[in-house]
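Colleague: The structure's right below; bear with me while I get my questions together.
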Amino acid sequence: MPVPARFILHETIRNLYFHVPMWFTMILLFSISVVNSIMYLNKQDEKYDVRQSEYINAGLLFAVCGLLTGMLWARYTWGAWWVFTDPKLNGAAILCLEYFAYVILRGSITDERTKAKVSSVYNIFAAASIIPLIFIIPRLTDSLHPGNGGNPAFSSYDLDNHMRMVFYPAVIGWMSLGLWIAYIRIRIKNLENKILENN
Amino acid sequence: MDLRVIYELFKKEIILELRQKYALNGILLYVFSTLYIIFIGFQKITPEAWITLYWIVILFASVNAGAKSFIQEGKGRLLYYYGISSPENIILSKLLYNCILIAVISVIAFIGFLVFFGNVVDKPWNFAIIMLLGSTGLAGVFTMVSAIASKARGSATLMTILSFPVIIPQLLLLIKLSRRAAGMAISNINFDIGYKELIGLACINLIVVIVSFMLFPYLWRD
């Protein structure tokens, strides 16, 4: 598929098919996880606990991939792997820290019911504090990132119809891949729990 | 939720504090020893460093203050609170107490910074509002995270791991706002005091308090 030739971006524009859908997938997986956390607190059913933790694990995979593809792209367009003053990049880093903290929290509690309850609470608390981080702060300040501070988002004029033909299927594909990974992990976890119960 | 009960619980926290004089004095000693080290290290600091160090000192002081609210409370005493009151009352009274404690700490740290490094703040009233919003936000996050971390092993380490990602965005806003109150423009064209950031900070505080209020009842009992 041909891509529009843009100054500085050149062929790196194809990163759009990887980086952006990965973050979309991560947001999708983390949102499903929050819904499951809320369900757990209401129903106290163990299956929701398995789901919330596995959606987070799958989401973290996509967060790391999103970070890596973003860094690679930034190296060729901005000339640096990471820009420490940029609110969008800081937001992404903090988001990863937050969910790694979630994993550590789960590891540090031995009692299953306490673990499920406490991690549900932290998941909802973290998600609520992520909302201003992602949706308010980057809009208050300038950013190098496309779509902020006068930099056009790709959709405004870069994304021509050829790219759309790849981009939308890529979004659907990455999201399905994320859901599939999470689904398999949930099944593995359920089987492991069943084996533990039988022994 | 009962305002009278919240007030009684809040009064109890104050009385306990005045009787033991442990948290506040410990934190004050921490603030002044840190200040002294900064003073020995730097002798003179730029206004940017002043603002940043001020908020870092407040950050670590309020981690200690927040940890006291659930982690360092005895199991038996928590059980007693749960017996006599509803979780909403407990979390609100703890929030209120921590908010006032951190506000007092930030005022004292401010005086400390004045004594050691002189004043950099041009607009004291703006800075007072920022301090108030900052202490509310820090208190909200640390109270809730302390409640979460108290359920796990190694809670002191966990407290920082869990709270810092939540607190960093707030702290960035606070530093940015304080720079404006100190007369430092973020860019050459932008000299306003940052209403957008103030509103953003207030929104974050509101979210944190509401979410803590809603989630604590699920968390409190084993």
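Every chain in the structure tokens has a letter given in the order shown (A, B, ...), and although residue numbers restart at 1 in each chain, ligands are simply numbered from 1 in the order shown.
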What's the 10 Å shell around Ile71 of chain B, counting only C-alpha atoms, without same-chain residues fewer than 3 positions away, as a count of residues only?

Modeller: 17

Colleague: Could you please tell me, as a PyMOL selection string, which residues of chain A have an atom within 8 Å of chain B when using only C-alpha atoms?

Modeller: chain A and resi 41+91+94-95+97-98+101-102+105+108-109+114+117-118+121-122+125-126+128-130+132-133+136-137+140

Colleague: Please give the complete set of residues from segment 36-75 of chain B that DSSP, run on the backbone, assigns to helix (DSSP H, G or I), formatted as a VMD selection string.

Modeller: chain B and resid 36 to 42 47 to 70 75

Colleague: What separation in Å, quoted to one decimal, exists between atom CA of Asp86 of chain A and atom CA of Trp55 of chain B?

Modeller: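 Atom-to-atom, atom CA of Asp86 of chain A to atom CA of Trp55 of chain B, that is 20.0 Å.
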
Colleague: Measuring between only C-alpha atoms, which one of B:Tyr30, B:Tyr7, B:Phe117, B:Phe213 shows the shortest distance to Ala61 of chain B?

Modeller: B:Tyr30

Colleague: Report as a PDB file with N, CA and C atoms, in the first residue's frame all protein, DNA and RNA residues lying within 9 Å of Tyr97 of chain B, evaluated on only C-alpha atoms, omitting residues in the same chain fewer than 3 positions from it.

Modeller:
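What follows is the written file around.pdb:
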ATOM      1  N   PHE B  10     -13.058  12.693  64.005  1.00  0.00           N
ATOM      2  CA  PHE B  10     -12.018  13.650  63.668  1.00  0.00           C
ATOM      3  C   PHE B  10     -11.397  14.215  64.944  1.00  0.00           C
ATOM      4  N   LYS B  11     -12.271  14.533  65.913  1.00  0.00           N
ATOM      5  CA  LYS B  11     -11.793  15.077  67.189  1.00  0.00           C
ATOM      6  C   LYS B  11     -10.896  14.057  67.893  1.00  0.00           C
ATOM      7  N   GLU B  13      -9.025  11.810  66.446  1.00  0.00           N
ATOM      8  CA  GLU B  13      -7.705  11.815  65.799  1.00  0.00           C
ATOM      9  C   GLU B  13      -6.846  12.947  66.349  1.00  0.00           C
ATOM     10  N   ILE B  14      -7.453  14.124  66.482  1.00  0.00           N
ATOM     11  CA  ILE B  14      -6.708  15.290  66.963  1.00  0.00           C
ATOM     12  C   ILE B  14      -6.238  15.051  68.400  1.00  0.00           C
ATOM     13  N   LEU B  92     -14.083   9.394  55.763  1.00  0.00           N
ATOM     14  CA  LEU B  92     -14.185  10.855  55.665  1.00  0.00           C
ATOM     15  C   LEU B  92     -13.450  11.542  56.800  1.00  0.00           C
ATOM     16  N   SER B  93     -13.541  10.965  58.015  1.00  0.00           N
ATOM     17  CA  SER B  93     -12.838  11.608  59.127  1.00  0.00           C
ATOM     18  C   SER B  93     -11.328  11.502  58.938  1.00  0.00           C
ATOM     19  N   LYS B  94     -10.866  10.344  58.428  1.00  0.00           N
ATOM     20  CA  LYS B  94      -9.431  10.179  58.180  1.00  0.00           C
ATOM     21  C   LYS B  94      -8.964  11.151  57.105  1.00  0.00           C
ATOM     22  N   ILE B 100      -5.913  18.206  56.889  1.00  0.00           N
ATOM     23  CA  ILE B 100      -5.484  19.297  57.769  1.00  0.00           C
ATOM     24  C   ILE B 100      -4.040  19.097  58.212  1.00  0.00           C
ATOM     25  N   LEU B 101      -3.667  17.836  58.501  1.00  0.00           N
ATOM     26  CA  LEU B 101      -2.290  17.552  58.912  1.00  0.00           C
ATOM     27  C   LEU B 101      -1.305  17.961  57.818  1.00  0.00           C
ATOM     28  N   ILE B 102      -1.616  17.573  56.565  1.00  0.00           N
ATOM     29  CA  ILE B 102      -0.685  17.879  55.466  1.00  0.00           C
ATOM     30  C   ILE B 102      -0.682  19.384  55.187  1.00  0.00           C
ATOM     31  N   ALA B 139      -3.609  14.171  50.569  1.00  0.00           N
ATOM     32  CA  ALA B 139      -4.291  13.473  51.659  1.00  0.00           C
ATOM     33  C   ALA B 139      -5.230  12.413  51.093  1.00  0.00           C
TER      34      ALA B 139
END
